[in-house]
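With mmCIF, C-alpha atoms inside, this is target.cif:
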data_model
loop_
_atom_site.label_atom_id
_atom_site.label_comp_id
_atom_site.auth_asym_id
_atom_site.auth_seq_id
_atom_site.Cartn_x
_atom_site.Cartn_y
_atom_site.Cartn_z
CA MET P 245 -6.63 35.12 5.07
CA SER P 246 -5.70 35.62 8.70
CA LYS P 247 -2.01 35.51 9.42
CA THR P 248 -0.31 33.47 12.09
CA THR P 249 3.04 33.88 13.75
CA VAL P 250 5.12 31.25 15.48
CA ALA P 251 6.68 32.24 18.76
CA GLN P 252 10.08 31.13 19.94
CA ALA P 253 10.24 27.60 21.27
CA THR P 254 9.79 27.46 25.02
CA LYS P 255 10.61 24.80 27.56
CA GLY P 256 8.23 24.05 30.42
CA ALA P 257 7.48 21.25 32.82
CA SER P 258 5.93 19.18 30.04
CA GLY P 259 8.87 19.68 27.66
CA GLU P 260 9.62 22.02 24.77
CA SER P 261 6.81 23.51 22.70
CA ILE P 262 6.01 26.26 20.20
CA THR P 263 3.10 28.66 20.25
CA ILE P 264 1.12 29.66 17.16
CA THR P 265 -0.76 32.95 17.45
CA ASN P 266 -3.58 34.11 15.16
CA ASN P 267 -2.89 37.83 14.63
CA ARG P 268 -6.53 38.58 13.88
CA THR P 269 -8.11 36.94 16.89
CA GLN P 270 -5.03 36.87 19.15
CA GLU P 271 -5.85 33.26 19.98
CA SER P 272 -2.81 31.11 20.73
CA THR P 273 -2.23 27.39 20.42
CA THR P 274 0.69 25.54 21.96
CA LEU P 275 2.10 22.47 20.26
CA PRO P 276 4.77 20.14 21.70
CA LEU P 277 8.19 19.63 20.17
CA LEU P 278 9.40 16.04 19.81
CA GLU P 279 13.06 15.07 19.71
CA GLY P 280 14.44 11.90 18.18
CA SER P 281 17.79 10.27 18.89
CA MET P 282 19.30 12.16 15.90
CA GLY P 283 18.13 14.81 13.47
CA PRO P 284 16.01 17.97 13.85
CA LYS P 285 13.24 18.41 16.37
CA VAL P 286 9.68 17.88 15.15
CA VAL P 287 6.53 19.91 15.82
CA ASP P 288 3.75 17.53 16.88
CA ILE P 289 0.77 18.79 14.85
CA ARG P 290 -1.59 15.88 15.50
CA THR P 291 -3.96 18.09 17.52
CA LEU P 292 -3.58 21.19 15.32
CA HIS P 293 -6.88 20.81 13.47
CA GLU P 294 -8.76 19.86 16.63
CA LYS P 295 -7.44 22.92 18.50
CA THR P 296 -7.49 25.51 15.70
CA GLY P 297 -9.51 24.22 12.75
CA TYR P 298 -6.38 24.54 10.58
CA PHE P 299 -4.35 22.06 8.57
CA THR P 300 -0.75 22.45 7.42
CA TYR P 301 0.15 22.88 3.75
CA ASP P 302 3.28 20.97 2.70
CA PRO P 303 3.32 19.76 -0.94
CA GLY P 304 5.42 16.61 -1.22
CA PHE P 305 5.58 16.41 2.59
CA ILE P 306 9.05 17.98 2.42
CA SER P 307 8.77 19.41 5.94
CA THR P 308 6.51 16.75 7.46
CA ALA P 309 7.51 13.67 9.44
CA SER P 310 4.89 11.09 8.50
CA CYS P 311 6.04 8.44 10.94
CA GLU P 312 8.42 7.49 13.71
CA SER P 313 11.19 5.15 12.54
CA ASP P 314 14.40 3.65 13.88
CA ILE P 315 15.56 1.97 10.66
CA THR P 316 17.51 4.48 8.57
CA PHE P 317 19.00 7.90 9.31
CA ILE P 318 20.29 10.41 6.76
CA ASP P 319 22.30 13.57 7.46
CA GLY P 320 22.53 15.08 4.02
CA ASP P 321 24.63 18.08 5.07
CA ASN P 322 27.41 15.86 6.40
CA GLY P 323 27.04 12.95 3.97
CA VAL P 324 25.91 10.39 6.55
CA LEU P 325 23.74 7.30 5.95
CA LEU P 326 23.09 4.87 8.81
CA TYR P 327 21.25 1.54 8.78
CA ARG P 328 20.11 0.82 12.35
CA GLY P 329 22.95 3.08 13.51
CA TYR P 330 25.69 1.44 11.41
CA PRO P 331 27.50 3.68 8.86
CA ILE P 332 26.82 2.52 5.33
CA GLU P 333 30.56 2.56 4.54
CA GLU P 334 31.29 -0.02 7.25
CA LEU P 335 28.46 -2.30 6.15
CA ALA P 336 29.42 -2.13 2.47
CA GLU P 337 33.05 -2.86 3.28
CA ASN P 338 32.62 -5.64 5.83
CA SER P 339 29.15 -7.15 5.40
CA ASP P 340 27.09 -8.78 2.66
CA PHE P 341 23.58 -8.08 1.44
CA LEU P 342 21.77 -10.83 3.34
CA GLU P 343 23.44 -9.82 6.60
CA VAL P 344 22.33 -6.24 5.97
CA ALA P 345 18.85 -7.54 5.15
CA TYR P 346 18.77 -9.33 8.51
CA LEU P 347 19.89 -6.10 10.22
CA LEU P 348 17.16 -4.03 8.58
CA LEU P 349 14.48 -6.59 9.45
CA ASN P 350 15.60 -7.41 13.00
CA ALA P 351 17.36 -4.22 14.20
CA GLU P 352 20.57 -6.09 15.13
CA LEU P 353 23.35 -7.83 13.26
CA PRO P 354 22.95 -11.63 13.41
CA THR P 355 25.08 -14.06 15.31
CA ALA P 356 26.85 -16.68 13.19
CA ALA P 357 24.03 -19.16 13.88
CA GLU P 358 21.31 -16.59 13.13
CA LYS P 359 23.05 -15.65 9.89
CA ARG P 360 23.25 -19.28 8.73
CA LYS P 361 19.57 -19.85 9.54
CA PHE P 362 18.48 -16.65 7.76
CA ASN P 363 20.62 -17.37 4.69
CA ASP P 364 19.22 -20.91 4.52
CA SER P 365 15.65 -19.58 4.75
CA ILE P 366 16.20 -17.13 1.89
CA THR P 367 18.02 -19.73 -0.23
CA THR P 368 15.23 -22.30 0.09
CA HIS P 369 12.60 -19.78 -1.01
CA THR P 370 14.25 -18.56 -4.22
CA MET P 371 12.21 -20.72 -6.59
CA VAL P 372 8.79 -19.49 -7.72
CA ASN P 373 5.68 -21.57 -8.27
CA GLU P 374 5.97 -23.18 -11.70
CA GLN P 375 2.50 -21.92 -12.62
CA LEU P 376 3.87 -18.39 -12.38
CA THR P 377 5.89 -19.02 -15.53
CA TYR P 378 2.63 -19.06 -17.50
CA PHE P 379 1.83 -15.60 -16.17
CA TYR P 380 4.86 -14.19 -17.97
CA ARG P 381 3.52 -15.44 -21.29
CA GLY P 382 0.60 -13.06 -20.93
CA PHE P 383 2.93 -10.09 -21.36
CA ARG P 384 4.18 -8.82 -24.69
CA ARG P 385 7.83 -9.58 -25.33
CA ASP P 386 8.65 -5.86 -25.39
CA ALA P 387 6.83 -5.08 -22.13
CA HIS P 388 8.90 -2.91 -19.79
CA PRO P 389 10.37 -5.15 -17.09
CA MET P 390 9.08 -2.84 -14.35
CA ALA P 391 5.55 -3.39 -15.67
CA VAL P 392 6.16 -7.12 -15.46
CA MET P 393 7.55 -6.75 -11.92
CA VAL P 394 4.49 -4.84 -10.72
CA GLY P 395 2.17 -7.48 -12.13
CA VAL P 396 4.07 -10.58 -11.02
CA VAL P 397 4.87 -9.37 -7.48
CA GLY P 398 1.27 -8.33 -6.98
CA ALA P 399 0.17 -11.74 -8.23
CA LEU P 400 2.21 -13.54 -5.55
CA SER P 401 -0.69 -13.04 -3.14
CA ALA P 402 -2.69 -15.39 -5.37
CA PHE P 403 -0.08 -18.12 -4.79
CA TYR P 404 0.55 -17.68 -1.06
CA HIS P 405 -2.84 -17.34 0.59
CA ASP P 406 -1.38 -18.10 4.01
CA GLU P 407 0.71 -14.93 4.10
CA VAL P 408 -1.69 -12.11 3.30
CA ASP P 409 -2.60 -10.99 6.84
CA ILE P 410 -0.32 -8.03 7.47
CA HIS P 411 -1.21 -8.02 11.17
CA ASP P 412 -0.02 -11.59 11.83
CA PRO P 413 3.72 -11.44 12.76
CA ARG P 414 4.39 -14.98 11.55
CA GLN P 415 2.69 -14.42 8.20
CA ARG P 416 4.63 -11.18 7.78
CA MET P 417 7.91 -12.98 8.54
CA VAL P 418 7.30 -15.76 6.03
CA ALA P 419 6.13 -13.28 3.39
CA SER P 420 9.22 -11.15 4.07
CA HIS P 421 11.58 -14.07 3.49
CA ARG P 422 9.73 -15.17 0.37
CA LEU P 423 9.76 -11.69 -1.12
CA ILE P 424 13.48 -11.13 -0.49
CA ALA P 425 14.23 -14.58 -1.93
CA LYS P 426 11.97 -14.45 -4.99
CA ILE P 427 12.48 -10.86 -6.17
CA PRO P 428 15.81 -11.66 -7.91
CA THR P 429 14.24 -14.72 -9.55
CA ILE P 430 11.24 -12.70 -10.75
CA ALA P 431 13.50 -9.93 -12.08
CA ALA P 432 15.77 -12.37 -13.94
CA MET P 433 12.75 -14.13 -15.43
CA ALA P 434 11.42 -10.78 -16.69
CA TYR P 435 14.72 -10.19 -18.46
CA LYS P 436 14.97 -13.69 -19.90
CA TYR P 437 11.40 -13.52 -21.17
CA SER P 438 12.08 -10.19 -22.91
CA ILE P 439 15.02 -11.61 -24.89
CA GLY P 440 13.44 -14.98 -25.65
CA GLN P 441 15.80 -17.09 -23.58
CA PRO P 442 14.73 -19.91 -21.24
CA PHE P 443 14.30 -19.16 -17.56
CA ILE P 444 17.30 -20.14 -15.44
CA TYR P 445 16.49 -21.73 -12.10
CA PRO P 446 18.22 -20.47 -8.94
CA ARG P 447 21.09 -22.43 -7.43
CA ASN P 448 21.41 -23.11 -3.72
CA ASP P 449 25.21 -23.25 -3.83
CA LEU P 450 25.54 -19.58 -4.82
CA ASN P 451 25.23 -16.50 -2.64
CA TYR P 452 22.55 -13.87 -3.24
CA ALA P 453 24.49 -11.69 -5.72
CA GLU P 454 26.09 -14.64 -7.52
CA ASN P 455 22.72 -16.32 -7.91
CA PHE P 456 21.22 -13.18 -9.42
CA LEU P 457 24.01 -12.89 -11.98
CA HIS P 458 23.65 -16.60 -12.75
CA MET P 459 19.89 -16.34 -13.36
CA MET P 460 20.40 -13.21 -15.47
CA PHE P 461 23.20 -14.28 -17.78
CA ALA P 462 23.59 -18.08 -17.73
CA VAL P 463 22.26 -20.21 -20.59
CA PRO P 464 21.60 -23.96 -20.51
CA CYS P 465 24.14 -24.80 -23.21
CA GLU P 466 27.32 -23.69 -21.44
CA GLU P 467 28.83 -23.03 -18.02
CA PHE P 468 28.55 -19.50 -16.69
CA LYS P 469 31.58 -18.28 -14.77
CA ILE P 470 30.97 -15.71 -12.06
CA SER P 471 33.67 -13.16 -11.36
CA ARG P 472 34.23 -12.39 -7.69
CA ALA P 473 34.74 -8.68 -8.42
CA GLN P 474 31.52 -8.50 -10.40
CA ALA P 475 29.48 -10.37 -7.78
CA ARG P 476 30.92 -8.14 -5.06
CA ALA P 477 29.95 -5.03 -7.03
CA ILE P 478 26.35 -6.25 -7.37
CA ASP P 479 26.28 -7.12 -3.66
CA ARG P 480 27.42 -3.59 -2.81
CA ILE P 481 24.82 -2.06 -5.11
CA PHE P 482 22.19 -4.10 -3.25
CA ILE P 483 23.52 -2.98 0.14
CA LEU P 484 23.73 0.70 -0.81
CA HIS P 485 20.19 0.74 -2.21
CA ALA P 486 18.55 -1.41 0.48
CA ASP P 487 16.86 1.52 2.25
CA HIS P 488 16.89 5.31 2.14
CA GLU P 489 14.48 6.60 4.76
CA GLN P 490 11.03 7.97 3.77
CA ASN P 491 11.46 8.42 0.02
CA ALA P 492 8.60 8.27 -2.50
CA SER P 493 8.47 4.48 -2.93
CA THR P 494 8.89 3.76 0.79
CA SER P 495 6.13 6.22 1.61
CA THR P 496 3.98 4.50 -1.02
CA VAL P 497 4.56 1.11 0.64
CA ARG P 498 3.65 2.55 4.04
CA LEU P 499 0.54 4.26 2.67
CA ALA P 500 -0.64 1.07 0.97
CA GLY P 501 0.10 -0.93 4.12
CA SER P 502 -1.80 1.52 6.31
CA SER P 503 -5.03 0.23 4.74
CA GLY P 504 -4.16 -3.34 5.74
CA ALA P 505 -3.24 -4.40 2.20
CA ASN P 506 -1.28 -7.66 1.96
CA PRO P 507 2.56 -7.48 1.82
CA PHE P 508 2.79 -8.54 -1.82
CA ALA P 509 0.41 -5.77 -2.91
CA CYS P 510 2.32 -3.22 -0.82
CA ILE P 511 5.65 -4.14 -2.41
CA ALA P 512 4.08 -4.05 -5.87
CA ALA P 513 2.92 -0.51 -5.06
CA GLY P 514 6.48 0.39 -4.07
CA ILE P 515 7.80 -0.98 -7.36
CA ALA P 516 5.25 1.12 -9.28
CA SER P 517 6.38 4.25 -7.44
CA LEU P 518 10.07 3.45 -7.96
CA TRP P 519 9.41 3.13 -11.69
CA GLY P 520 9.01 6.90 -11.98
CA PRO P 521 12.01 8.54 -13.72
CA ALA P 522 12.31 11.13 -10.94
CA HIS P 523 12.93 8.34 -8.41
CA GLY P 524 14.46 5.14 -9.72
CA GLY P 525 15.55 6.07 -13.22
CA ALA P 526 18.50 8.35 -12.43
CA ASN P 527 21.24 5.81 -13.22
CA GLU P 528 19.59 5.10 -16.57
CA ALA P 529 19.71 8.85 -17.28
CA VAL P 530 23.46 8.83 -16.57
CA LEU P 531 24.09 6.32 -19.36
CA LYS P 532 21.90 8.26 -21.78
CA MET P 533 23.92 11.38 -20.99
CA LEU P 534 27.25 9.61 -21.56
CA MET P 535 26.02 8.34 -24.93
CA GLU P 536 24.84 11.85 -25.81
CA ILE P 537 28.29 13.28 -25.03
CA GLY P 538 29.79 10.62 -27.30
CA SER P 539 33.51 11.28 -26.86
CA VAL P 540 36.00 12.73 -24.39
CA ASP P 541 36.68 15.62 -26.80
CA ARG P 542 33.10 16.87 -26.37
CA ILE P 543 33.16 16.95 -22.55
CA PRO P 544 34.19 20.66 -22.34
CA GLU P 545 31.20 21.55 -24.50
CA PHE P 546 28.76 19.78 -22.17
CA VAL P 547 30.44 21.08 -19.00
CA ALA P 548 30.08 24.61 -20.41
CA ARG P 549 26.40 23.95 -21.07
CA ALA P 550 25.95 22.72 -17.49
CA ARG P 551 27.49 25.96 -16.22
CA ASP P 552 25.19 28.09 -18.40
CA LYS P 553 22.18 29.13 -16.32
CA ASP P 554 20.16 29.74 -19.49
CA ASP P 555 20.76 26.23 -20.84
CA PRO P 556 18.33 23.57 -19.51
CA PHE P 557 20.99 20.85 -19.87
CA ARG P 558 22.13 19.25 -16.63
CA LEU P 559 24.87 16.73 -15.99
CA MET P 560 23.16 13.61 -14.68
CA GLY P 561 24.70 11.69 -11.79
CA PHE P 562 26.21 14.70 -10.02
CA GLY P 563 24.92 16.16 -6.77
CA HIS P 564 21.95 14.85 -4.81
CA ARG P 565 18.69 16.29 -3.50
CA VAL P 566 19.36 14.96 0.00
CA TYR P 567 23.15 14.92 0.22
CA LYS P 568 24.72 18.38 0.21
CA ASN P 569 28.09 16.72 0.64
CA TYR P 570 29.67 13.70 -1.05
CA ASP P 571 27.04 10.93 -1.25
CA PRO P 572 28.47 8.29 1.15
CA ARG P 573 27.18 5.53 -1.12
CA ALA P 574 29.14 6.98 -4.05
CA LYS P 575 32.38 6.84 -2.07
CA VAL P 576 31.88 3.10 -1.61
CA LEU P 577 30.75 2.37 -5.15
CA ARG P 578 33.58 4.37 -6.74
CA GLY P 579 36.05 1.65 -5.72
CA SER P 580 33.80 -1.13 -7.02
CA CYS P 581 33.34 0.74 -10.29
CA HIS P 582 37.07 0.82 -10.96
CA GLU P 583 37.44 -2.81 -9.85
CA VAL P 584 34.78 -3.94 -12.32
CA LEU P 585 36.20 -1.91 -15.22
CA ASP P 586 39.63 -3.36 -14.48
CA ASP P 587 38.23 -6.91 -14.14
CA LEU P 588 36.53 -6.60 -17.52
CA ASP P 589 39.49 -4.79 -19.09
CA MET P 590 37.21 -1.90 -20.06
CA GLU P 591 39.26 1.06 -18.84
CA ASN P 592 39.77 2.10 -22.48
CA ASP P 593 36.17 1.64 -23.57
CA PRO P 594 35.06 5.01 -25.10
CA LEU P 595 31.93 5.28 -22.96
CA PHE P 596 33.76 4.62 -19.72
CA LYS P 597 36.62 6.95 -20.66
CA ILE P 598 34.00 9.70 -20.84
CA ALA P 599 32.68 8.72 -17.42
CA MET P 600 36.12 8.65 -15.83
CA GLU P 601 37.04 12.05 -17.27
CA LEU P 602 33.79 13.53 -15.96
CA GLU P 603 34.58 12.00 -12.58
CA ARG P 604 38.06 13.61 -12.61
CA ILE P 605 36.61 17.01 -13.48
CA ALA P 606 33.90 16.82 -10.80
CA LEU P 607 36.44 15.95 -8.10
CA SER P 608 38.97 18.64 -9.08
CA ASP P 609 37.12 21.53 -10.75
CA ASP P 610 36.25 24.47 -8.46
CA TYR P 611 32.84 24.93 -10.13
CA PHE P 612 31.76 21.41 -9.11
CA ILE P 613 33.44 21.47 -5.70
CA GLU P 614 31.95 24.84 -4.66
CA ARG P 615 28.47 23.64 -5.59
CA LYS P 616 29.11 20.18 -4.13
CA LEU P 617 28.26 18.53 -7.43
CA TYR P 618 30.12 15.34 -6.63
CA PRO P 619 29.45 12.08 -8.51
CA ASN P 620 26.55 10.35 -6.77
CA VAL P 621 25.58 6.71 -6.37
CA ASP P 622 23.59 6.74 -9.63
CA PHE P 623 26.68 7.80 -11.57
CA TYR P 624 28.71 4.80 -10.44
CA SER P 625 25.91 2.23 -10.35
CA GLY P 626 24.94 3.09 -13.92
CA ILE P 627 28.50 2.60 -15.13
CA ILE P 628 28.86 -0.73 -13.26
CA LEU P 629 25.58 -2.12 -14.53
CA GLN P 630 26.35 -1.10 -18.10
CA ALA P 631 29.78 -2.72 -17.86
CA LEU P 632 28.27 -5.96 -16.55
CA GLY P 633 25.93 -6.16 -19.53
CA PHE P 634 22.63 -5.06 -17.98
CA PRO P 635 20.44 -3.20 -20.48
CA THR P 636 19.57 0.31 -19.30
CA HIS P 637 15.83 -0.41 -19.06
CA LEU P 638 16.66 -3.04 -16.43
CA PHE P 639 18.53 -0.66 -14.10
CA THR P 640 15.42 0.29 -12.12
CA VAL P 641 14.52 -3.39 -11.73
CA ILE P 642 17.84 -3.97 -9.95
CA PHE P 643 17.05 -0.98 -7.73
CA ALA P 644 13.74 -2.69 -6.87
CA VAL P 645 15.50 -5.97 -6.03
CA ALA P 646 17.73 -4.12 -3.57
CA ARG P 647 15.04 -1.90 -2.07
CA THR P 648 12.56 -4.71 -1.40
CA VAL P 649 14.13 -5.50 1.98
CA GLY P 650 13.92 -1.85 3.03
CA TRP P 651 10.29 -1.65 2.00
CA ILE P 652 9.54 -4.79 4.02
CA ALA P 653 11.34 -3.47 7.10
CA GLN P 654 9.44 -0.18 6.86
CA LEU P 655 6.14 -2.00 6.33
CA ASN P 656 6.73 -4.23 9.35
CA GLU P 657 7.67 -1.24 11.49
CA MET P 658 4.57 0.67 10.43
CA THR P 659 2.31 -2.30 11.18
CA GLU P 660 3.72 -2.63 14.71
CA ASP P 661 3.52 1.12 15.44
CA PRO P 662 0.73 1.80 17.99
CA ASN P 663 0.35 5.32 16.54
CA GLN P 664 -0.21 4.01 13.02
CA ARG P 665 -3.36 5.21 11.29
CA ILE P 666 -4.65 4.73 7.77
CA GLY P 667 -2.99 7.35 5.58
CA ARG P 668 -5.31 10.24 4.83
CA PRO P 669 -3.52 13.46 3.71
CA ARG P 670 -5.50 16.70 3.76
CA GLN P 671 -5.71 19.33 1.03
CA LEU P 672 -5.95 23.06 0.39
CA TYR P 673 -9.14 23.20 -1.67
CA THR P 674 -9.14 25.87 -4.39
CA GLY P 675 -12.16 24.77 -6.47
CA HIS P 676 -15.69 26.17 -6.78
CA LYS P 677 -17.75 26.86 -3.71
CA THR P 678 -21.17 25.15 -3.47
CA ARG P 679 -23.11 25.37 -6.75
CA ARG P 680 -26.61 24.24 -7.66
CA TYR P 681 -27.40 21.79 -10.42
CA ILE P 682 -29.07 23.32 -13.51
CA PRO P 683 -30.98 20.98 -15.86
CA VAL P 684 -29.30 20.61 -19.22
CA GLY P 685 -32.10 22.40 -21.09
CA GLN P 686 -31.69 25.52 -18.94
CA ARG P 687 -27.93 25.90 -19.34
CA GLY P 688 -26.83 28.80 -21.49
#

Could you write out this file's structure as structure tokens?
Amino acid sequence: MSKTTVAQATKGASGESITITNNRTQESTTLPLLEGSMGPKVVDIRTLHEKTGYFTYDPGFISTASCESDITFIDGDNGVLLYRGYPIEELAENSDFLEVAYLLLNAELPTAAEKRKFNDSITTHTMVNEQLTYFYRGFRRDAHPMAVMVGVVGALSAFYHDEVDIHDPRQRMVASHRLIAKIPTIAAMAYKYSIGQPFIYPRNDLNYAENFLHMMFAVPCEEFKISRAQARAIDRIFILHADHEQNASTSTVRLAGSSGANPFACIAAGIASLWGPAHGGANEAVLKMLMEIGSVDRIPEFVARARDKDDPFRLMGFGHRVYKNYDPRAKVLRGSCHEVLDDLDMENDPLFKIAMELERIALSDDYFIERKLYPNVDFYSGIILQALGFPTHLFTVIFAVARTVGWIAQLNEMTEDPNQRIGRPRQLYTGHKTRRYIPVGQRG
């Protein structure tokens, strides 16, 4: 294999660039450097294969920018998350989910009139076609709710034929509003079906988070009272999970959309990707870990195991692949977590006493602080959802409800991007070279 070297970046009349030199042939290729409004510079490799005959090799696309986006920015080293330039802490403290949804979709916060109009549009689309209820009956009662979500969301394209053209801005807008409105209804119906309870219709007098809790936990035979603290916690979980740059599920939505697939199919693809335990199942893993620990007395034993390099055990809900500092979403959700536990009078619940002691250790112990193993958003969201009565297998569904608006915003942005092309990653082929077919009777 011939080796290449990359020269220092240079700046000329046409802007900054880097030069790649083939040591064997001494041939050089110059590639431009692109600079966004924030974040690292990017090597523009679009002409690399044309100029050199080479591709890049980047498993998982860890070092590859697959698109240009102005929706979400993450600075993991400094614990920064921005939606359209707004710090996530400010939005979670002062805004609500539908206002954040409007921001992600439209790039600006709404005026009072725009907010009312948007909220009304979402509210009037929350019901699903009554025929869709028969679709649920085709699933087994014990079907995983994410499997149901993938099927039902994908099936929406069979009910809304007028919104399947991804290139028509009006159709995309209507589909966007319908998806944001109906996802909580679809998720609640999946839960109700699994436990054999009747579906609960949405109510137009409730806000987005309140309506979701109502559809999840109300029953026809008695009034369901919605706690303000609990609704606010759910609203914050929705805000904090609404978008997170080019993660696996968002990239899946973009890749599906690059083929021109309809919005409902693209979001169903995102849900399928989110279902993976390495992506959307982290808060569920937190609860399983707390149950494994079992009591506060056993915490030192598990902390010691986490410190042991030869022990495969890891404390779930601490540290983050992207954030090398305190996850900004965790800072916000920590307050909501304590508010919910106080509202439900669960501060002395054995499971949550374990969680709070682990939190204390992680925020005060030098081992955790030096390695920046702070409690992350999954740690707190898992505790909140468990306290509110959500079964653990439904945690990822709630993640999908929140992330739908981010997927839609990313899909719309991709569709409008003049540089957008159908996704077609390359590969480093390591299989057989050309072989000739041998008739079966002649094979040894």

For this session: Enter the distance from atom CA of P:Asn373 to atom CA of P:Trp651, in Å, rounded to one decimal.
Result: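 Computing the Euclidean distance for atom CA of P:Asn373 and atom CA of P:Trp651 yields 22.9 Å.
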
Select from stretch 487-518 of chain P every residue with an atom at most 12 Å from any atom of stretch 375-398 of chain P, then for each give the shortest pair of atoms and their distance in Å to one decimal, using all atoms listed in the file, rows by chain and rising number, as a Markdown table.
| residue | atom | partner | partner_atom | distance |
| --- | --- | --- | --- | --- |
| P:Ala505 | CA | P:Gly398 | CA | 11.0 |
| P:Asn506 | CA | P:Gly398 | CA | 9.3 |
| P:Pro507 | CA | P:Gly398 | CA | 8.9 |
| P:Phe508 | CA | P:Gly398 | CA | 5.4 |
| P:Ala509 | CA | P:Gly398 | CA | 4.9 |
| P:Cys510 | CA | P:Gly398 | CA | 8.1 |
| P:Ile511 | CA | P:Val397 | CA | 7.3 |
| P:Ala512 | CA | P:Val394 | CA | 4.9 |
| P:Ala513 | CA | P:Val394 | CA | 7.3 |
| P:Gly514 | CA | P:Val394 | CA | 8.7 |
| P:Ile515 | CA | P:Val394 | CA | 6.1 |
| P:Ala516 | CA | P:Val394 | CA | 6.2 |
| P:Ser517 | CA | P:Val394 | CA | 9.8 |
| P:Leu518 | CA | P:Met390 | CA | 9.0 |

Exercise. Pick from P:Ala336, P:Ile444, P:Ile318, P:Cys311: nearest to P:Asp479, with all atoms listed in the file counted?
Worked result: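 Of the candidates, the smallest distance to P:Asp479 is held by P:Ala336.
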
For this session: Counting all atoms listed in the file, find the residues whose atoms lie at most 10 Å from (28.5, 10.6, -19.9) (file coordinates) and write them out as a VMD selection string.
Result: chain P and resid 529 to 540 543 546 559 to 561 595 to 603 623 627

Problem set entry | Target residues per the PyMOL selection byres ((chain P and resi 567-579) around 9), formatted as a PyMOL selection string | chain P and resi 318-325+332-333+336-337+477+480-481+484-485+563-566+580-584+615-625+628

Problem set entry | Atomic separation - atom CA of P:Leu348 relative to atom CA of P:Leu326, Å |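 According to the coordinates, atom CA of P:Leu326 and atom CA of P:Leu348 are separated by 10.7 Å.
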
For this session: Would you write out, as an NGL selection string, every residue that the PyMOL selection byres ((chain P and resi 294-300) around 12) captures in this file?
Result: :P and (245-248 or 263-266 or 269 or 271-275 or 287-293 or 301-303 or 305-308 or 669-673)

N, CA and C atoms restored at stretch 361-375 of chain P, emitted as a PDB file, keeping the file's coordinate frame:
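Output (rebuild.pdb):
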ATOM      1  N   LYS P 361      21.001 -19.508   9.610  1.00  0.00           N
ATOM      2  CA  LYS P 361      19.570 -19.850   9.540  1.00  0.00           C
ATOM      3  C   LYS P 361      18.833 -18.923   8.579  1.00  0.00           C
ATOM      4  N   PHE P 362      19.132 -17.625   8.640  1.00  0.00           N
ATOM      5  CA  PHE P 362      18.480 -16.650   7.760  1.00  0.00           C
ATOM      6  C   PHE P 362      18.871 -16.915   6.308  1.00  0.00           C
ATOM      7  N   ASN P 363      20.168 -17.102   6.059  1.00  0.00           N
ATOM      8  CA  ASN P 363      20.620 -17.370   4.690  1.00  0.00           C
ATOM      9  C   ASN P 363      19.970 -18.630   4.129  1.00  0.00           C
ATOM     10  N   ASP P 364      19.847 -19.659   4.962  1.00  0.00           N
ATOM     11  CA  ASP P 364      19.220 -20.910   4.520  1.00  0.00           C
ATOM     12  C   ASP P 364      17.741 -20.677   4.172  1.00  0.00           C
ATOM     13  N   SER P 365      17.072 -19.857   4.996  1.00  0.00           N
ATOM     14  CA  SER P 365      15.650 -19.580   4.750  1.00  0.00           C
ATOM     15  C   SER P 365      15.461 -18.856   3.422  1.00  0.00           C
ATOM     16  N   ILE P 366      16.303 -17.868   3.158  1.00  0.00           N
ATOM     17  CA  ILE P 366      16.200 -17.130   1.890  1.00  0.00           C
ATOM     18  C   ILE P 366      16.529 -18.059   0.723  1.00  0.00           C
ATOM     19  N   THR P 367      17.586 -18.843   0.865  1.00  0.00           N
ATOM     20  CA  THR P 367      18.020 -19.730  -0.230  1.00  0.00           C
ATOM     21  C   THR P 367      16.942 -20.734  -0.605  1.00  0.00           C
ATOM     22  N   THR P 368      16.236 -21.271   0.372  1.00  0.00           N
ATOM     23  CA  THR P 368      15.230 -22.300   0.090  1.00  0.00           C
ATOM     24  C   THR P 368      13.910 -21.719  -0.414  1.00  0.00           C
ATOM     25  N   HIS P 369      13.819 -20.400  -0.498  1.00  0.00           N
ATOM     26  CA  HIS P 369      12.600 -19.780  -1.010  1.00  0.00           C
ATOM     27  C   HIS P 369      12.803 -19.105  -2.371  1.00  0.00           C
ATOM     28  N   THR P 370      13.958 -19.302  -2.994  1.00  0.00           N
ATOM     29  CA  THR P 370      14.250 -18.560  -4.220  1.00  0.00           C
ATOM     30  C   THR P 370      13.453 -19.013  -5.438  1.00  0.00           C
ATOM     31  N   MET P 371      13.020 -20.257  -5.464  1.00  0.00           N
ATOM     32  CA  MET P 371      12.210 -20.720  -6.590  1.00  0.00           C
ATOM     33  C   MET P 371      10.805 -20.131  -6.517  1.00  0.00           C
ATOM     34  N   VAL P 372      10.184 -19.948  -7.681  1.00  0.00           N
ATOM     35  CA  VAL P 372       8.790 -19.490  -7.720  1.00  0.00           C
ATOM     36  C   VAL P 372       7.908 -20.651  -8.158  1.00  0.00           C
ATOM     37  N   ASN P 373       6.643 -20.555  -7.850  1.00  0.00           N
ATOM     38  CA  ASN P 373       5.680 -21.570  -8.270  1.00  0.00           C
ATOM     39  C   ASN P 373       5.741 -21.715  -9.794  1.00  0.00           C
ATOM     40  N   GLU P 374       5.814 -22.934 -10.269  1.00  0.00           N
ATOM     41  CA  GLU P 374       5.970 -23.180 -11.700  1.00  0.00           C
ATOM     42  C   GLU P 374       4.817 -22.596 -12.513  1.00  0.00           C
ATOM     43  N   GLN P 375       3.646 -22.496 -11.902  1.00  0.00           N
ATOM     44  CA  GLN P 375       2.500 -21.920 -12.620  1.00  0.00           C
ATOM     45  C   GLN P 375       2.724 -20.436 -12.937  1.00  0.00           C
TER      46      GLN P 375
END
